[in-house]
file protein_22.cif (mmCIF, C-alpha atoms, pLDDT in the B column; chains and numbers go by the auth columns)
data_structure
loop_
_atom_site.group_PDB
_atom_site.id
_atom_site.type_symbol
_atom_site.label_atom_id
_atom_site.label_comp_id
_atom_site.label_asym_id
_atom_site.label_seq_id
_atom_site.Cartn_x
_atom_site.Cartn_y
_atom_site.Cartn_z
_atom_site.B_iso_or_equiv
_atom_site.auth_seq_id
_atom_site.auth_asym_id
ATOM 1 C CA MET A 1 -5.552 -5.523 -3.126 81.00 1 D
ATOM 2 C CA THR A 2 -6.427 -9.037 -4.278 92.00 2 D
ATOM 3 C CA PHE A 3 -7.780 -11.953 -2.252 95.00 3 D
ATOM 4 C CA PHE A 4 -7.134 -15.462 -3.592 93.00 4 D
ATOM 5 C CA GLN A 5 -8.381 -18.719 -2.077 97.00 5 D
ATOM 6 C CA GLY A 6 -7.070 -21.940 -3.597 94.00 6 D
ATOM 7 C CA GLY A 7 -8.986 -25.187 -3.794 94.00 7 D
ATOM 8 C CA SER A 8 -8.324 -28.900 -3.515 93.00 8 D
ATOM 9 C CA VAL A 9 -6.089 -29.103 -6.610 95.00 9 D
ATOM 10 C CA PRO A 10 -2.619 -27.591 -7.136 96.00 10 D
ATOM 11 C CA ASP A 11 -2.938 -23.849 -7.692 96.00 11 D
ATOM 12 C CA LEU A 12 -0.653 -21.439 -9.534 97.00 12 D
ATOM 13 C CA PHE A 13 -1.190 -17.807 -8.588 96.00 13 D
ATOM 14 C CA SER A 14 0.851 -14.589 -8.680 96.00 14 D
ATOM 15 C CA GLY A 15 -0.208 -11.464 -6.833 95.00 15 D
ATOM 16 C CA THR A 16 -0.507 -7.893 -8.034 95.00 16 D
ATOM 17 C CA ILE A 17 1.361 -4.638 -7.450 94.00 17 D
ATOM 18 C CA ASP A 18 -0.766 -4.139 -4.322 94.00 18 D
ATOM 19 C CA ALA A 19 -0.727 -5.863 -0.918 96.00 19 D
ATOM 20 C CA ASP A 20 -2.468 -9.184 -1.528 96.00 20 D
ATOM 21 C CA THR A 21 -3.864 -12.018 0.603 97.00 21 D
ATOM 22 C CA ILE A 22 -3.155 -15.419 -0.942 98.00 22 D
ATOM 23 C CA LEU A 23 -4.347 -18.734 0.547 98.00 23 D
ATOM 24 C CA GLY A 24 -3.401 -22.020 -1.048 97.00 24 D
ATOM 25 C CA GLY A 25 -6.000 -24.437 0.245 96.00 25 D
ATOM 26 C CA ASP A 26 -5.236 -28.119 -0.380 95.00 26 D
ATOM 27 C CA GLY A 27 -2.867 -29.317 -3.060 94.00 27 D
ATOM 28 C CA ASN A 28 0.785 -28.649 -3.864 97.00 28 D
ATOM 29 C CA ASP A 29 0.571 -24.984 -4.780 98.00 29 D
ATOM 30 C CA THR A 30 2.889 -22.396 -6.333 98.00 30 D
ATOM 31 C CA LEU A 31 2.035 -18.959 -4.956 98.00 31 D
ATOM 32 C CA ALA A 32 3.806 -15.619 -5.394 98.00 32 D
ATOM 33 C CA GLY A 33 3.039 -12.320 -3.742 97.00 33 D
ATOM 34 C CA GLY A 34 4.347 -9.851 -6.317 95.00 34 D
ATOM 35 C CA ALA A 35 4.999 -6.311 -5.110 92.00 35 D
ATOM 36 C CA GLN A 36 4.189 -4.693 -1.739 92.00 36 D
ATOM 37 C CA GLY A 37 3.710 -6.440 1.602 96.00 37 D
ATOM 38 C CA ASP A 38 1.655 -9.572 0.987 97.00 38 D
ATOM 39 C CA PHE A 39 0.163 -12.280 3.204 98.00 39 D
ATOM 40 C CA ILE A 40 0.705 -15.785 1.817 98.00 40 D
ATOM 41 C CA ASP A 41 -0.435 -19.015 3.481 98.00 41 D
ATOM 42 C CA GLY A 42 0.203 -22.265 1.674 97.00 42 D
ATOM 43 C CA GLU A 43 -2.177 -24.154 3.975 97.00 43 D
ATOM 44 C CA ALA A 44 -2.138 -27.909 3.195 96.00 44 D
ATOM 45 C CA GLY A 45 0.215 -29.531 0.695 96.00 45 D
ATOM 46 C CA ASP A 46 3.885 -29.304 -0.284 97.00 46 D
ATOM 47 C CA ASP A 47 3.933 -25.742 -1.587 98.00 47 D
ATOM 48 C CA TYR A 48 6.358 -23.364 -3.267 98.00 48 D
ATOM 49 C CA LEU A 49 5.792 -19.916 -1.784 98.00 49 D
ATOM 50 C CA TYR A 50 7.457 -16.755 -3.091 98.00 50 D
ATOM 51 C CA SER A 51 7.336 -13.342 -1.449 97.00 51 D
ATOM 52 C CA ALA A 52 7.957 -11.680 -4.835 97.00 52 D
ATOM 53 C CA SER A 53 8.030 -13.572 -8.156 97.00 53 D
ATOM 54 C CA VAL A 54 8.229 -17.247 -9.073 97.00 54 D
ATOM 55 C CA SER A 55 11.835 -18.229 -9.719 97.00 55 D
ATOM 56 C CA PRO A 56 12.944 -19.710 -13.035 96.00 56 D
ATOM 57 C CA PRO A 57 14.486 -23.194 -12.788 95.00 57 D
ATOM 58 C CA TYR A 58 17.546 -23.369 -10.541 94.00 58 D
ATOM 59 C CA THR A 59 19.976 -25.953 -9.222 91.00 59 D
ATOM 60 C CA LEU A 60 21.594 -26.270 -5.815 86.00 60 D
ATOM 61 C CA PRO A 61 25.356 -26.780 -5.381 80.00 61 D
ATOM 62 C CA ASP A 62 26.628 -30.219 -6.299 76.00 62 D
ATOM 63 C CA ARG A 63 29.828 -31.910 -5.147 73.00 63 D
ATOM 64 C CA ASP A 64 31.786 -29.910 -7.744 74.00 64 D
ATOM 65 C CA GLY A 65 30.411 -26.611 -6.438 70.00 65 D
ATOM 66 C CA LEU A 66 28.297 -25.924 -9.526 80.00 66 D
ATOM 67 C CA TRP A 67 24.872 -24.320 -9.306 85.00 67 D
ATOM 68 C CA THR A 68 22.305 -22.089 -11.003 92.00 68 D
ATOM 69 C CA ALA A 69 20.993 -19.451 -8.627 93.00 69 D
ATOM 70 C CA PRO A 70 17.273 -19.034 -7.993 96.00 70 D
ATOM 71 C CA MET A 71 15.671 -15.639 -8.422 97.00 71 D
ATOM 72 C CA LEU A 72 15.148 -14.229 -4.933 97.00 72 D
ATOM 73 C CA ASP A 73 13.325 -11.282 -3.378 97.00 73 D
ATOM 74 C CA ASN A 74 15.897 -8.470 -3.253 96.00 74 D
ATOM 75 C CA GLY A 75 13.464 -5.904 -1.852 95.00 75 D
ATOM 76 C CA ASN A 76 12.462 -4.951 1.677 95.00 76 D
ATOM 77 C CA GLU A 77 8.671 -5.088 1.640 94.00 77 D
ATOM 78 C CA ALA A 78 7.348 -6.692 4.803 96.00 78 D
ATOM 79 C CA ASP A 79 5.690 -9.896 3.592 98.00 79 D
ATOM 80 C CA THR A 80 4.210 -12.617 5.777 98.00 80 D
ATOM 81 C CA ILE A 81 4.628 -16.182 4.543 98.00 81 D
ATOM 82 C CA ASN A 82 3.183 -19.212 6.325 98.00 82 D
ATOM 83 C CA GLY A 83 3.889 -22.681 5.009 97.00 83 D
ATOM 84 C CA GLY A 84 1.032 -24.459 6.736 96.00 84 D
ATOM 85 C CA ASP A 85 0.996 -28.252 6.598 95.00 85 D
ATOM 86 C CA GLY A 86 3.430 -30.100 4.382 95.00 86 D
ATOM 87 C CA SER A 87 7.059 -29.769 3.314 95.00 87 D
ATOM 88 C CA ASP A 88 7.198 -26.288 1.820 97.00 88 D
ATOM 89 C CA HIS A 89 9.841 -24.333 -0.077 97.00 89 D
ATOM 90 C CA ILE A 90 9.704 -20.694 1.009 98.00 90 D
ATOM 91 C CA PHE A 91 11.459 -17.857 -0.847 98.00 91 D
ATOM 92 C CA ALA A 92 11.683 -14.666 1.218 98.00 92 D
ATOM 93 C CA GLY A 93 13.429 -11.308 1.437 98.00 93 D
ATOM 94 C CA TYR A 94 14.733 -8.887 4.041 98.00 94 D
ATOM 95 C CA GLY A 95 12.132 -7.960 6.659 97.00 95 D
ATOM 96 C CA ASP A 96 9.752 -10.792 5.798 98.00 96 D
ATOM 97 C CA SER A 97 8.090 -12.898 8.494 98.00 97 D
ATOM 98 C CA VAL A 98 8.287 -16.625 7.764 98.00 98 D
ATOM 99 C CA ASP A 99 6.686 -19.558 9.583 98.00 99 D
ATOM 100 C CA GLY A 100 7.275 -22.953 8.018 96.00 100 D
ATOM 101 C CA GLY A 101 4.347 -24.472 9.907 94.00 101 D
ATOM 102 C CA ALA A 102 3.971 -28.225 10.323 89.00 102 D
ATOM 103 C CA ASP A 103 7.047 -30.093 9.134 82.00 103 D
ATOM 104 C CA GLY A 104 5.639 -32.553 6.638 83.00 104 D
ATOM 105 C CA ALA A 105 7.745 -35.574 5.688 86.00 105 D
ATOM 106 C CA TYR A 106 10.936 -33.643 4.915 90.00 106 D
ATOM 107 C CA GLY A 107 10.609 -30.380 6.821 91.00 107 D
ATOM 108 C CA ASP A 108 10.379 -26.878 5.368 94.00 108 D
ATOM 109 C CA TYR A 109 13.042 -25.236 3.203 95.00 109 D
ATOM 110 C CA LEU A 110 14.115 -21.566 3.224 96.00 110 D
ATOM 111 C CA TYR A 111 15.664 -19.514 0.434 97.00 111 D
ATOM 112 C CA ILE A 112 16.278 -15.933 1.518 98.00 112 D
ATOM 113 C CA SER A 113 17.954 -12.753 0.286 98.00 113 D
ATOM 114 C CA PHE A 114 19.086 -9.877 2.485 98.00 114 D
ATOM 115 C CA LEU A 115 20.037 -7.610 -0.429 97.00 115 D
ATOM 116 C CA GLY A 116 17.264 -5.222 0.557 97.00 116 D
ATOM 117 C CA ALA A 117 18.885 -4.519 3.944 98.00 117 D
ATOM 118 C CA PRO A 118 20.122 -0.935 4.495 97.00 118 D
ATOM 119 C CA SER A 119 22.941 -2.160 6.742 97.00 119 D
ATOM 120 C CA GLY A 120 24.744 -5.376 7.626 97.00 120 D
ATOM 121 C CA VAL A 121 22.667 -8.339 8.784 98.00 121 D
ATOM 122 C CA THR A 122 23.315 -10.743 11.638 98.00 122 D
ATOM 123 C CA ALA A 123 21.543 -14.069 11.068 97.00 123 D
ATOM 124 C CA ASP A 124 22.200 -17.208 13.106 96.00 124 D
ATOM 125 C CA PHE A 125 20.121 -20.064 11.738 94.00 125 D
ATOM 126 C CA SER A 126 21.174 -22.418 14.519 92.00 126 D
ATOM 127 C CA PHE A 127 18.332 -20.899 16.530 93.00 127 D
ATOM 128 C CA THR A 128 14.765 -22.072 15.961 92.00 128 D
ATOM 129 C CA THR A 129 13.519 -18.464 15.795 96.00 129 D
ATOM 130 C CA ILE A 130 15.388 -15.359 14.632 97.00 130 D
ATOM 131 C CA SER A 131 14.336 -11.747 14.020 97.00 131 D
ATOM 132 C CA ILE A 132 15.786 -9.710 11.154 97.00 132 D
ATOM 133 C CA GLY A 133 14.681 -6.326 9.853 96.00 133 D
ATOM 134 C CA GLY A 134 11.445 -6.384 11.830 97.00 134 D
ATOM 135 C CA GLY A 135 10.476 -9.836 10.551 98.00 135 D
ATOM 136 C CA THR A 136 10.577 -13.182 12.353 98.00 136 D
ATOM 137 C CA ILE A 137 11.748 -16.473 10.862 98.00 137 D
ATOM 138 C CA THR A 138 10.640 -19.684 12.589 97.00 138 D
ATOM 139 C CA GLY A 139 9.547 -23.234 11.857 94.00 139 D
ATOM 140 C CA ILE A 140 12.271 -23.880 9.267 94.00 140 D
ATOM 141 C CA GLU A 141 14.083 -27.222 9.300 91.00 141 D
ATOM 142 C CA ASN A 142 16.294 -26.783 6.220 92.00 142 D
ATOM 143 C CA ILE A 143 18.270 -23.712 5.112 93.00 143 D
ATOM 144 C CA SER A 144 18.784 -24.021 1.347 93.00 144 D
ATOM 145 C CA TRP A 145 20.009 -20.631 0.088 96.00 145 D
ATOM 146 C CA VAL A 146 21.153 -17.454 1.843 97.00 146 D
ATOM 147 C CA GLN A 147 22.160 -14.295 0.006 98.00 147 D
ATOM 148 C CA GLY A 148 23.680 -11.584 2.163 97.00 148 D
ATOM 149 C CA SER A 149 23.417 -7.816 1.860 98.00 149 D
ATOM 150 C CA ASN A 150 25.942 -5.477 0.261 97.00 150 D
ATOM 151 C CA GLU A 151 27.109 -4.467 3.741 97.00 151 D
ATOM 152 C CA ALA A 152 29.076 -6.324 6.437 98.00 152 D
ATOM 153 C CA ASP A 153 27.038 -9.395 7.393 97.00 153 D
ATOM 154 C CA THR A 154 27.493 -12.092 10.010 98.00 154 D
ATOM 155 C CA ILE A 155 25.729 -15.242 8.819 97.00 155 D
ATOM 156 C CA THR A 156 25.818 -18.589 10.604 96.00 156 D
ATOM 157 C CA ILE A 157 24.327 -21.584 8.822 92.00 157 D
ATOM 158 C CA GLY A 158 23.334 -24.067 11.469 78.00 158 D
ATOM 159 C CA THR A 159 19.975 -25.786 11.451 65.00 159 D
ATOM 160 C CA PRO A 160 18.109 -27.037 14.508 60.00 160 D
ATOM 161 C CA SER A 161 17.128 -30.148 12.537 62.00 161 D
ATOM 162 C CA PHE A 162 19.313 -33.032 11.371 60.00 162 D
ATOM 163 C CA SER A 163 16.618 -34.905 9.474 62.00 163 D
ATOM 164 C CA GLY A 164 18.918 -35.955 6.630 61.00 164 D
ATOM 165 C CA PHE A 165 16.657 -34.277 4.069 73.00 165 D
ATOM 166 C CA SER A 166 18.457 -30.932 3.942 79.00 166 D
ATOM 167 C CA GLU A 167 19.706 -29.584 0.638 82.00 167 D
ATOM 168 C CA TYR A 168 23.363 -28.540 0.314 83.00 168 D
ATOM 169 C CA THR A 169 23.115 -24.937 1.455 90.00 169 D
ATOM 170 C CA ALA A 170 24.533 -22.148 -0.685 92.00 170 D
ATOM 171 C CA VAL A 171 25.732 -19.056 1.204 95.00 171 D
ATOM 172 C CA LEU A 172 26.666 -15.907 -0.741 95.00 172 D
ATOM 173 C CA GLY A 173 28.032 -12.967 1.231 96.00 173 D
ATOM 174 C CA MET A 174 27.728 -10.456 -1.634 96.00 174 D
ATOM 175 C CA GLY A 175 29.278 -7.016 -0.828 96.00 175 D
ATOM 176 C CA GLY A 176 30.824 -5.893 2.435 96.00 176 D
ATOM 177 C CA ASP A 177 33.266 -7.461 4.860 97.00 177 D
ATOM 178 C CA ASP A 178 31.320 -10.569 5.846 97.00 178 D
ATOM 179 C CA GLN A 179 31.787 -13.351 8.354 97.00 179 D
ATOM 180 C CA LEU A 180 30.234 -16.592 7.090 97.00 180 D
ATOM 181 C CA THR A 181 30.109 -19.788 9.142 94.00 181 D
ATOM 182 C CA ALA A 182 29.072 -23.076 7.562 90.00 182 D
ATOM 183 C CA GLY A 183 26.650 -25.620 8.957 87.00 183 D
ATOM 184 C CA TYR A 184 26.568 -29.399 8.744 83.00 184 D
ATOM 185 C CA TYR A 185 24.787 -29.410 5.369 81.00 185 D
ATOM 186 C CA THR A 186 26.494 -26.385 3.773 86.00 186 D
ATOM 187 C CA GLY A 187 27.475 -27.117 0.165 84.00 187 D
ATOM 188 C CA THR A 188 29.207 -23.923 -0.949 88.00 188 D
ATOM 189 C CA MET A 189 30.174 -20.511 0.445 90.00 189 D
ATOM 190 C CA ASP A 190 31.252 -17.395 -1.447 92.00 190 D
ATOM 191 C CA GLY A 191 32.139 -14.219 0.412 93.00 191 D
ATOM 192 C CA GLY A 192 31.737 -12.009 -2.651 93.00 192 D
ATOM 193 C CA ASP A 193 33.291 -8.531 -2.603 95.00 193 D
ATOM 194 C CA GLY A 194 35.087 -7.236 0.481 94.00 194 D
ATOM 195 C CA ASP A 195 37.480 -8.727 3.026 93.00 195 D
ATOM 196 C CA ASP A 196 35.537 -11.765 4.221 90.00 196 D
ATOM 197 C CA ILE A 197 36.054 -14.482 6.809 92.00 197 D
ATOM 198 C CA VAL A 198 34.676 -17.817 5.628 92.00 198 D
ATOM 199 C CA ASP A 199 34.684 -20.724 8.056 87.00 199 D
#

call {"tool": "encode", "arguments": {"input": "protein_22.cif", "output": "structure tokens"}}
result
Amino acid sequence: MTFFQGGSVPDLFSGTIDADTILGGDGNDTLAGGAQGDFIDGEAGDDYLYSASVSPPYTLPDRDGLWTAPMLDNGNEADTINGGDGSDHIFAGYGDSVDGGADGAYGDYLYISFLGAPSGVTADFSFTTISIGGGTITGIENISWVQGSNEADTITIGTPSFSGFSEYTAVLGMGGDDQLTAGYYTGTMDGGDGDDIVD
């Protein structure tokens, strides 16, 4: 188990194969938990927080529906990720607890994968707080990327915030017979394998 405390400058830190505690301090930090169930708190600054590994460069859907997917957490370790102050980008997996914290200028952004789920997931992001797989997701103003499980999922992309700073959400159903419902800022939806309903 590793304990990391960031300082007043931007920090770059990746955790170990054990359950780590990672605190960002001030600055716009990039923090990743690695394996096992980690505790990550970005504290102050506009941070990029990853429950597993830092993603390579990615792009969100454009008006032509083109994108490059981020690398997400496909596991089911129970991580806890707190954004703290600032406009944070949080990358989480199934069973993780996420709290965006204070909004910052643009709100907090969520990228999440449910591929680690043993059964179909029901996720309605129109609510300010939802519980999935034992984890709680709250304090998120912008849903940027949602990857479903390989089972039958019901995913609704509505956000409780209409700040105008949302990214064009990508929703991927993956396997299973999914029901996917778009939100105001949804950019692209792909049901994947199975007999899907996409609205």

call {"tool": "resolve_selection", "arguments": {"input": "protein_22.cif", "expression": "the PyMOL selection byres ((chain D and resi 183) around 8)", "output": "PyMOL selection string"}}
result
chain D and resi 156-159+181-182+184-186

call {"tool": "residues_around", "arguments": {"input": "protein_22.cif", "residues": "range 112-124 of chain D", "least_positions_apart": "3", "cutoff": "6 Å", "atoms": "only C-alpha atoms", "output": "JSON, numbers by chain"}}
result
{"D": [74, 75, 76, 91, 92, 93, 94, 146, 147, 148, 149, 151, 152, 153, 154, 155, 156]}

call {"tool": "residues_around", "arguments": {"input": "protein_22.cif", "residues": "Asp47 in chain D", "least_positions_apart": "2", "cutoff": "10 Å", "atoms": "all atoms listed in the file", "output": "list in words"}}
result
Pro10, Asp11, Gly24, Asp26, Gly27, Asn28, Asp29, Thr30, Leu31, Asp41, Gly42, Glu43, Ala44, Gly45, Leu49, Tyr50, Gly83, Gly84, Asp85, Gly86, Ser87, Asp88, His89, Ile90 and Asp108 of chain D

call {"tool": "closest_residue", "arguments": {"input": "protein_22.cif", "among": "D:Asp79, D:Asp199, D:Asp62, D:Asp96", "to": "Thr169 in chain D", "atoms": "only C-alpha atoms"}}
result
D:Asp62

call {"tool": "residues_around", "arguments": {"input": "protein_22.cif", "residues": "Asn82 in chain D", "least_positions_apart": "6", "cutoff": "7 Å", "atoms": "only C-alpha atoms", "output": "list in words"}}
result
Ile40, Asp41, Gly42, Val98, Asp99, Gly100 and Gly101 of chain D

call {"tool": "write_last_selection", "arguments": {"input": "protein_22.cif", "atoms": "C-alpha atoms", "output": "short mmCIF file (atom, residue, chain, number, x, y, z; two decimals), keeping the file's coordinate frame"}}
result
data_model
loop_
_atom_site.label_atom_id
_atom_site.label_comp_id
_atom_site.auth_asym_id
_atom_site.auth_seq_id
_atom_site.Cartn_x
_atom_site.Cartn_y
_atom_site.Cartn_z
CA ILE D 40 0.70 -15.78 1.82
CA ASP D 41 -0.44 -19.02 3.48
CA GLY D 42 0.20 -22.26 1.67
CA VAL D 98 8.29 -16.62 7.76
CA ASP D 99 6.69 -19.56 9.58
CA GLY D 100 7.28 -22.95 8.02
CA GLY D 101 4.35 -24.47 9.91
#

call {"tool": "atom_distance", "arguments": {"input": "protein_22.cif", "atom1": "CA of Leu60 in chain D", "atom2": "CA of Tyr168 in chain D"}}
result
6.8 Å

call {"tool": "atom_distance", "arguments": {"input": "protein_22.cif", "atom1": "CA of Ile22 in chain D", "atom2": "CA of Phe3 in chain D"}}
result
5.9 Å

call {"tool": "axis_aligned_box", "arguments": {"input": "protein_22.cif", "around": "range 69-77 of chain D", "padding_each_side": "4 Å", "output": "JSON"}}
result
{"center_x": 14.8, "center_y": -12.2, "center_z": -3.5, "size_x": 20.3, "size_y": 22.5, "size_z": 18.3}

call {"tool": "closest_residue", "arguments": {"input": "protein_22.cif", "among": "D:Tyr58, D:Leu180, D:Val9, D:Asp73", "to": "Ala35 in chain D", "atoms": "only C-alpha atoms"}}
result
D:Asp73

call {"tool": "atom_distance", "arguments": {"input": "protein_22.cif", "atom1": "CA of Gly194 in chain D", "atom2": "CA of Gly175 in chain D"}}
result
6.0 Å

call {"tool": "closest_residue", "arguments": {"input": "protein_22.cif", "among": "D:Asp178, D:Asp195, D:Gly25, D:Gly33", "to": "Phe13 in chain D", "atoms": "only C-alpha atoms"}}
result
D:Gly33

call {"tool": "closest_residue", "arguments": {"input": "protein_22.cif", "among": "D:Thr2, D:Thr129, D:Thr68, D:Asn150", "to": "Gly176 in chain D", "atoms": "all atoms listed in the file"}}
result
D:Asn150

call {"tool": "closest_residue", "arguments": {"input": "protein_22.cif", "among": "D:Ser53, D:Gln179, D:Ser8, D:Thr16", "to": "Gly191 in chain D", "atoms": "all atoms listed in the file"}}
result
D:Gln179

call {"tool": "decode", "arguments": {"input": "protein_22.cif", "residues": "range 84-112 of chain D", "atoms": "N, CA and C atoms", "output": "JSON list (two decimals), in the first residue's frame"}}
result
[["chain", "number", "residue", "atom", "x", "y", "z"],
["D", 84, "GLY", "N", -12.83, 16.75, -5.59],
["D", 84, "GLY", "CA", -12.43, 17.93, -4.84],
["D", 84, "GLY", "C", -12.84, 19.19, -5.57],
["D", 85, "ASP", "N", -12.13, 20.27, -5.33],
["D", 85, "ASP", "CA", -12.42, 21.54, -6.01],
["D", 85, "ASP", "C", -11.95, 21.47, -7.46],
["D", 86, "GLY", "N", -12.59, 22.27, -8.30],
["D", 86, "GLY", "CA", -12.16, 22.35, -9.68],
["D", 86, "GLY", "C", -13.05, 21.54, -10.62],
["D", 87, "SER", "N", -12.78, 21.69, -11.92],
["D", 87, "SER", "CA", -13.48, 20.95, -12.96],
["D", 87, "SER", "C", -12.64, 19.72, -13.30],
["D", 88, "ASP", "N", -13.06, 18.57, -12.82],
["D", 88, "ASP", "CA", -12.26, 17.36, -12.91],
["D", 88, "ASP", "C", -12.80, 16.40, -13.97],
["D", 89, "HIS", "N", -11.91, 15.62, -14.55],
["D", 89, "HIS", "CA", -12.27, 14.53, -15.44],
["D", 89, "HIS", "C", -11.99, 13.23, -14.69],
["D", 90, "ILE", "N", -13.04, 12.44, -14.47],
["D", 90, "ILE", "CA", -12.94, 11.25, -13.64],
["D", 90, "ILE", "C", -13.24, 10.02, -14.48],
["D", 91, "PHE", "N", -12.31, 9.06, -14.45],
["D", 91, "PHE", "CA", -12.42, 7.82, -15.21],
["D", 91, "PHE", "C", -12.61, 6.68, -14.21],
["D", 92, "ALA", "N", -13.75, 6.00, -14.27],
["D", 92, "ALA", "CA", -14.10, 5.03, -13.24],
["D", 92, "ALA", "C", -14.58, 3.73, -13.87],
["D", 93, "GLY", "N", -14.74, 2.71, -13.02],
["D", 93, "GLY", "CA", -15.22, 1.41, -13.45],
["D", 93, "GLY", "C", -16.39, 0.94, -12.62],
["D", 94, "TYR", "N", -16.86, -0.26, -12.91],
["D", 94, "TYR", "CA", -18.01, -0.83, -12.21],
["D", 94, "TYR", "C", -17.71, -0.99, -10.72],
["D", 95, "GLY", "N", -18.65, -0.54, -9.89],
["D", 95, "GLY", "CA", -18.51, -0.66, -8.45],
["D", 95, "GLY", "C", -17.75, 0.46, -7.77],
["D", 96, "ASP", "N", -17.22, 1.40, -8.56],
["D", 96, "ASP", "CA", -16.48, 2.52, -7.97],
["D", 96, "ASP", "C", -17.43, 3.56, -7.39],
["D", 97, "SER", "N", -16.99, 4.23, -6.34],
["D", 97, "SER", "CA", -17.71, 5.36, -5.77],
["D", 97, "SER", "C", -17.04, 6.64, -6.25],
["D", 98, "VAL", "N", -17.85, 7.54, -6.82],
["D", 98, "VAL", "CA", -17.36, 8.76, -7.44],
["D", 98, "VAL", "C", -18.10, 9.95, -6.86],
["D", 99, "ASP", "N", -17.36, 10.97, -6.46],
["D", 99, "ASP", "CA", -17.94, 12.24, -6.03],
["D", 99, "ASP", "C", -17.17, 13.35, -6.73],
["D", 100, "GLY", "N", -17.85, 14.05, -7.63],
["D", 100, "GLY", "CA", -17.15, 15.10, -8.38],
["D", 100, "GLY", "C", -16.68, 16.26, -7.53],
["D", 101, "GLY", "N", -17.34, 16.48, -6.39],
["D", 101, "GLY", "CA", -16.95, 17.58, -5.51],
["D", 101, "GLY", "C", -17.46, 18.91, -6.04],
["D", 102, "ALA", "N", -16.79, 19.99, -5.64],
["D", 102, "ALA", "CA", -17.18, 21.33, -6.09],
["D", 102, "ALA", "C", -17.07, 21.42, -7.61],
["D", 103, "ASP", "N", -17.98, 22.18, -8.22],
["D", 103, "ASP", "CA", -18.13, 22.15, -9.67],
["D", 103, "ASP", "C", -16.95, 22.72, -10.43],
["D", 104, "GLY", "N", -16.32, 23.75, -9.96],
["D", 104, "GLY", "CA", -15.37, 24.47, -10.77],
["D", 104, "GLY", "C", -16.10, 25.28, -11.84],
["D", 105, "ALA", "N", -15.37, 25.81, -12.79],
["D", 105, "ALA", "CA", -15.97, 26.68, -13.81],
["D", 105, "ALA", "C", -16.85, 25.92, -14.79],
["D", 106, "TYR", "N", -16.52, 24.66, -15.06],
["D", 106, "TYR", "CA", -17.21, 23.91, -16.11],
["D", 106, "TYR", "C", -17.94, 22.68, -15.60],
["D", 107, "GLY", "N", -17.86, 22.39, -14.32],
["D", 107, "GLY", "CA", -18.43, 21.17, -13.80],
["D", 107, "GLY", "C", -17.46, 20.00, -13.91],
["D", 108, "ASP", "N", -17.86, 18.85, -13.42],
["D", 108, "ASP", "CA", -17.02, 17.66, -13.44],
["D", 108, "ASP", "C", -17.51, 16.70, -14.51],
["D", 109, "TYR", "N", -16.57, 15.94, -15.08],
["D", 109, "TYR", "CA", -16.84, 15.08, -16.23],
["D", 109, "TYR", "C", -16.59, 13.62, -15.85],
["D", 110, "LEU", "N", -17.50, 12.73, -16.28],
["D", 110, "LEU", "CA", -17.38, 11.31, -15.95],
["D", 110, "LEU", "C", -17.22, 10.47, -17.21],
["D", 111, "TYR", "N", -16.23, 9.58, -17.15],
["D", 111, "TYR", "CA", -16.02, 8.53, -18.14],
["D", 111, "TYR", "C", -16.06, 7.21, -17.38],
["D", 112, "ILE", "N", -16.98, 6.31, -17.74],
["D", 112, "ILE", "CA", -17.14, 5.12, -16.93],
["D", 112, "ILE", "C", -17.39, 3.89, -17.78]]
